[in-house]
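Text of the file start24.cif, holding mmCIF, C-alpha atoms and all ligand atoms:
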data_structure
loop_
_atom_site.label_atom_id
_atom_site.label_comp_id
_atom_site.auth_asym_id
_atom_site.auth_seq_id
_atom_site.Cartn_x
_atom_site.Cartn_y
_atom_site.Cartn_z
CA MET U 863 107.17 110.81 162.57
CA THR U 864 103.76 110.35 160.98
CA THR U 865 103.26 107.70 158.32
CA SER U 866 101.17 108.29 155.23
CA PRO U 867 97.61 106.97 155.21
CA ILE U 868 96.86 103.71 153.43
CA LEU U 869 94.37 103.46 150.59
CA VAL U 870 92.30 100.29 151.11
CA SER U 871 89.66 98.42 149.15
CA ALA U 872 86.49 99.30 151.05
CA CYS U 873 85.19 95.72 150.87
CA LEU U 874 88.18 94.60 152.96
CA ILE U 875 87.07 96.69 155.94
CA GLY U 876 83.44 95.62 155.89
CA VAL U 877 81.74 97.89 153.35
CA ARG U 878 79.14 96.01 151.30
CA CYS U 879 80.38 97.24 147.95
CA ARG U 880 81.18 93.96 146.19
CA PHE U 881 79.45 92.91 142.97
CA ASP U 882 77.20 90.61 145.02
CA GLY U 883 76.37 93.31 147.58
CA GLU U 884 78.53 91.62 150.18
CA THR U 885 81.79 92.42 151.93
CA LYS U 886 85.14 90.67 152.15
CA GLU U 887 85.98 91.99 155.60
CA ASP U 888 89.46 90.85 156.52
CA PRO U 889 90.83 90.94 160.08
CA ARG U 890 94.37 91.49 158.78
CA VAL U 891 93.28 94.73 157.14
CA LEU U 892 91.10 95.84 160.04
CA LYS U 893 94.11 95.39 162.29
CA LEU U 894 95.97 98.02 160.25
CA ALA U 895 93.38 100.57 161.35
CA GLY U 896 94.78 100.49 164.87
CA GLU U 897 98.06 102.08 163.85
CA ASN U 898 97.32 103.69 160.50
CA GLN U 899 94.82 106.01 158.95
CA LEU U 900 92.91 104.03 156.32
CA VAL U 901 91.27 105.63 153.29
CA PRO U 902 88.60 103.25 151.97
CA ILE U 903 87.63 103.40 148.31
CA CYS U 904 85.69 101.18 145.92
CA PRO U 905 86.70 102.09 142.38
CA GLU U 906 83.74 100.28 140.84
CA GLN U 907 81.28 102.31 142.91
CA LEU U 908 83.30 105.46 142.18
CA ALA U 909 82.82 104.61 138.51
CA GLY U 910 79.06 104.84 139.04
CA LEU U 911 78.45 101.12 138.64
CA PRO U 912 75.52 99.75 140.67
CA THR U 913 75.74 97.47 143.70
CA PRO U 914 74.96 94.63 143.28
CA ARG U 915 76.35 94.47 139.72
CA VAL U 916 77.27 91.80 137.23
CA ARG U 917 80.70 90.23 137.51
CA HIS U 918 83.53 91.50 135.35
CA GLU U 919 86.84 90.01 134.29
CA ILE U 920 89.68 91.25 132.11
CA VAL U 921 90.21 89.77 128.65
CA GLU U 922 93.16 91.00 126.57
CA GLY U 923 93.22 94.32 128.39
CA ARG U 924 89.46 94.98 128.18
CA VAL U 925 87.11 94.73 131.16
CA LEU U 926 84.08 92.69 130.12
CA SER U 927 80.93 91.84 132.02
CA GLU U 928 79.88 88.22 132.20
CA HIS U 929 77.32 89.15 129.52
CA GLY U 930 80.07 90.43 127.22
CA LYS U 931 79.55 94.19 127.72
CA ASP U 932 82.78 96.17 127.47
CA ASN U 933 82.95 98.40 130.57
CA THR U 934 86.64 99.25 130.31
CA GLU U 935 86.02 103.00 130.31
CA ALA U 936 83.94 102.84 133.48
CA PHE U 937 86.63 100.85 135.26
CA GLN U 938 89.27 103.35 134.12
CA ARG U 939 87.11 106.23 135.34
CA GLY U 940 86.72 104.60 138.74
CA ALA U 941 90.46 104.03 138.96
CA GLU U 942 91.11 107.71 138.19
CA GLU U 943 88.67 108.78 140.90
CA ALA U 944 90.34 106.49 143.43
CA LEU U 945 93.76 107.81 142.39
CA LYS U 946 92.46 111.35 142.91
CA ILE U 947 91.46 110.42 146.48
CA ALA U 948 94.88 108.81 147.05
CA ARG U 949 96.59 112.03 145.96
CA ILE U 950 94.36 114.33 148.00
CA THR U 951 94.87 112.27 151.16
CA GLY U 952 98.59 111.65 150.60
CA CYS U 953 98.42 107.85 150.38
CA ARG U 954 101.70 106.33 149.28
CA ARG U 955 100.62 102.75 150.03
CA ALA U 956 97.56 100.70 149.17
CA VAL U 957 96.13 97.39 150.37
CA LEU U 958 93.77 96.10 147.71
CA LYS U 959 91.52 93.07 147.33
CA ALA U 960 93.31 90.18 145.65
CA ARG U 961 92.18 88.93 142.23
CA SER U 962 89.58 91.65 141.54
CA PRO U 963 89.44 93.13 138.01
CA SER U 964 89.86 96.55 139.65
CA CYS U 965 91.88 95.88 142.77
CA GLY U 966 93.79 92.63 142.12
CA LYS U 967 97.59 92.72 142.03
CA GLY U 968 99.85 90.07 140.51
CA GLU U 969 97.06 87.69 139.51
CA ILE U 970 93.50 88.16 138.30
CA TYR U 971 90.79 85.93 136.87
CA ASP U 972 91.37 84.96 133.25
CA GLY U 973 88.13 86.18 131.69
CA SER U 974 86.46 82.78 131.47
CA PHE U 975 84.40 83.31 134.65
CA GLY U 976 85.52 79.81 135.52
CA GLY U 977 87.72 80.67 138.50
CA ARG U 978 91.03 80.34 136.64
CA LEU U 979 93.80 82.82 137.36
CA VAL U 980 96.39 84.48 135.15
CA LYS U 981 99.21 86.90 135.86
CA GLY U 982 98.11 90.52 135.77
CA ASN U 983 96.80 93.50 137.67
CA GLY U 984 93.36 95.01 138.07
CA VAL U 985 92.74 98.42 136.54
CA LEU U 986 93.19 100.39 139.77
CA ALA U 987 96.21 98.40 140.96
CA GLU U 988 97.91 99.00 137.61
CA ARG U 989 97.18 102.73 137.77
CA LEU U 990 98.48 103.09 141.32
CA ILE U 991 101.67 101.19 140.49
CA GLU U 992 102.22 103.54 137.52
CA GLU U 993 101.97 106.42 139.97
CA GLY U 994 104.61 104.92 142.26
CA ILE U 995 102.18 103.94 145.02
CA ALA U 996 103.17 100.69 146.76
CA VAL U 997 100.39 98.14 146.30
CA ALA U 998 99.89 94.96 148.33
CA THR U 999 96.97 92.57 148.56
CA GLU U 1000 95.41 91.48 151.84
CA ASP U 1001 97.37 88.23 151.47
CA GLU U 1002 100.67 90.10 151.46
CA ILE U 1003 100.37 92.17 154.65
FE1 LIG E 1101 86.28 95.61 146.69
FE2 LIG E 1101 87.74 96.73 144.79
FE3 LIG E 1101 85.69 95.17 144.14
FE4 LIG E 1101 85.21 97.56 145.20
S1 LIG E 1101 86.19 97.16 143.24
S2 LIG E 1101 84.25 95.64 145.77
S3 LIG E 1101 86.92 97.76 146.61
S4 LIG E 1101 87.56 94.54 145.21
#
Turn this file's structure into structure tokens for me.
Ligand code: SF4
Amino acid sequence: MTTSPILVSACLIGVRCRFDGETKEDPRVLKLAGENQLVPICPEQLAGLPTPRVRHEIVEGRVLSEHGKDNTEAFQRGAEEALKIARITGCRRAVLKARSPSCGKGEIYDGSFGGRLVKGNGVLAERLIEEGIAVATEDEI
């Protein structure tokens, strides 16, 4: 029996797509590649945002840059593009980067850019969960 491919945050497998132009390569996620087909996506790049880019956090449902610019629509667009890729490739599971305003699941930064966490999901994680795709962070695999 073949298992469905896994959508993964591209930064977790070594792609330099983070806001600071770096990666968050994680050996736990790379290990999944041995037995599963991984489909890497970065919703913020799919949204057309530059790399590097300013940091964003979610405040009362809006995605704001650290300079106060409301980029909610861009983040939603990127999430839709990533969802499209998940559908085309048949992903029913996702492993996404913890705490990101796009990819975080269960807890995200609180919008103060001070490193504090609140309960909540990033824009992509929320969208995938709505679609019935099982989402885990790298800390949960
Ligand atoms: Fe990684 Fe997601 Fe941020 Fe892209 S949007 S850098 S995939 S955490």
task: Using atom CA of Ala872 of chain U and atom CA of Lys931 of chain U as the two end points, give the distance in Å to one decimal.
output: 24.9 Å
message: Need the shell around segment 887-901 of chain U: protein/DNA/RNA residues with any atom at most 7 Å away, counting only C-alpha atoms. Skip same-chain ones fewer than 3 positions apart. Format as number ranges by chain?
response: U: 867-870, 873-876, 1000
- request: Check the smallest atom-to-atom distance from each of U:Ser871, U:Ser927, U:Ala996, U:Ala909 to Lys886 of chain U using all atoms listed in the file, then report the winner.
  value: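 Looking only at the distances to Lys886 of chain U, the closest residue turns out to be U:Ser871.
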message: Using only C-alpha atoms, which protein or nucleic acid residues come within 12 Å of Glu1002 of chain U? Drop anything in the same chain fewer than 2 positions from it, and give the result as a PyMOL selection string.
response: chain U and resi 890-891+956-960+966-968+996-1000
Please build the interface table for chain U against ligand LIG 1101 (chain E) with a cut-off of 9 Å, listing for each qualifying residue the nearest atom pair and the distance in Å to one decimal; count all atoms listed in the file, order rows by chain and increasing number, and write it as a Markdown table.
| residue | atom | partner | partner_atom | distance |
| --- | --- | --- | --- | --- |
| U:Val870 | CA | E:LIG1101 | S3 | 7.5 |
| U:Ser871 | CA | E:LIG1101 | S3 | 3.8 |
| U:Ala872 | CA | E:LIG1101 | S3 | 4.7 |
| U:Cys873 | CA | E:LIG1101 | FE1 | 4.3 |
| U:Leu874 | CA | E:LIG1101 | FE1 | 6.6 |
| U:Val877 | CA | E:LIG1101 | S2 | 8.3 |
| U:Arg878 | CA | E:LIG1101 | S2 | 7.5 |
| U:Cys879 | CA | E:LIG1101 | S2 | 4.7 |
| U:Arg880 | CA | E:LIG1101 | S2 | 3.5 |
| U:Phe881 | CA | E:LIG1101 | S2 | 6.2 |
| U:Asp882 | CA | E:LIG1101 | S2 | 8.7 |
| U:Gly883 | CA | E:LIG1101 | S2 | 8.4 |
| U:Glu884 | CA | E:LIG1101 | S2 | 8.3 |
| U:Thr885 | CA | E:LIG1101 | S2 | 7.4 |
| U:Lys886 | CA | E:LIG1101 | FE1 | 7.5 |
| U:Pro902 | CA | E:LIG1101 | S3 | 7.9 |
| U:Ile903 | CA | E:LIG1101 | S3 | 5.9 |
| U:Cys904 | CA | E:LIG1101 | S3 | 3.7 |
| U:Pro905 | CA | E:LIG1101 | S1 | 5.0 |
| U:Glu906 | CA | E:LIG1101 | S1 | 4.6 |
| U:Gln907 | CA | E:LIG1101 | FE4 | 6.6 |
| U:Leu908 | CA | E:LIG1101 | FE4 | 8.7 |
| U:Thr913 | CA | E:LIG1101 | S2 | 8.9 |
| U:Phe937 | CA | E:LIG1101 | S1 | 8.8 |
| U:Gly940 | CA | E:LIG1101 | S1 | 8.7 |
| U:Leu958 | CA | E:LIG1101 | FE2 | 6.7 |
| U:Lys959 | CA | E:LIG1101 | S4 | 4.7 |
| U:Ala960 | CA | E:LIG1101 | S4 | 7.2 |
| U:Arg961 | CA | E:LIG1101 | S4 | 7.9 |
| U:Ser962 | CA | E:LIG1101 | S4 | 5.1 |
| U:Pro963 | CA | E:LIG1101 | S1 | 7.4 |
| U:Ser964 | CA | E:LIG1101 | S1 | 5.2 |
| U:Cys965 | CA | E:LIG1101 | FE2 | 4.7 |
| U:Gly966 | CA | E:LIG1101 | S4 | 7.2 |
| U:Gly984 | CA | E:LIG1101 | FE2 | 8.9 |
| U:Leu986 | CA | E:LIG1101 | FE2 | 8.3 |
What box, with edges along x, y and z, holds each listed atom of segment 899-912 of chain U when 8 Å is added on every side, and can you state its centre and edge lengths in Å to one decimal, as AutoDock Vina command-line options?
--center_x 85.2 --center_y 102.9 --center_z 148.7 --size_x 35.3 --size_y 22.3 --size_z 36.4
field: Close residues, Arg949 of chain U itself excluded, 12 Å, only C-alpha atoms, min 4 positions apart in chain, as JSON, numbers by chain
entry: {"U": [866, 867, 868, 869, 901, 942, 943, 944, 945, 953, 954, 955, 956, 990, 993, 994, 995]}
- line: Using all atoms listed in the file, the shortest atom-to-atom distance to Gly976 of chain U among U:Arg939, U:His918, U:Arg924, U:Lys946 belongs to U:His918
query: U:Ala948, U:Ile970, U:Pro914, U:Val985: which is nearest Asn933 of chain U, counting all atoms listed in the file?
result: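 Under the stated criterion, the closest residue is U:Val985.
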Atom CA of Gly977 of chain U to atom CA of Gly923 of chain U, straight-line distance in Å: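 Distance between the two atoms: 17.9 Å.
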- prompt: Out of U:Phe975, U:Ile991, U:Leu911, U:Ile950, which residue has the shortest atom-to-atom distance to Glu928 of chain U when counting only C-alpha atoms?
  reply: U:Phe975
message: To one decimal place in Å, what is the distance between atom CA of Gln938 of chain U and atom CA of Ile1003 of chain U?
response: 25.9 Å
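Minimum atom-to-atom distance to Glu919 of chain U, evaluated using all atoms listed in the file, belongs to U:Gly973 out of U:Gly973, U:Leu979, U:Thr951, U:Thr934.
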- prompt: Restricting the calculation to all atoms listed in the file, which member of U:Ile947, U:Gly910, U:Ser974, U:Glu969 is positioned closest to His929 of chain U?
  reply: U:Ser974
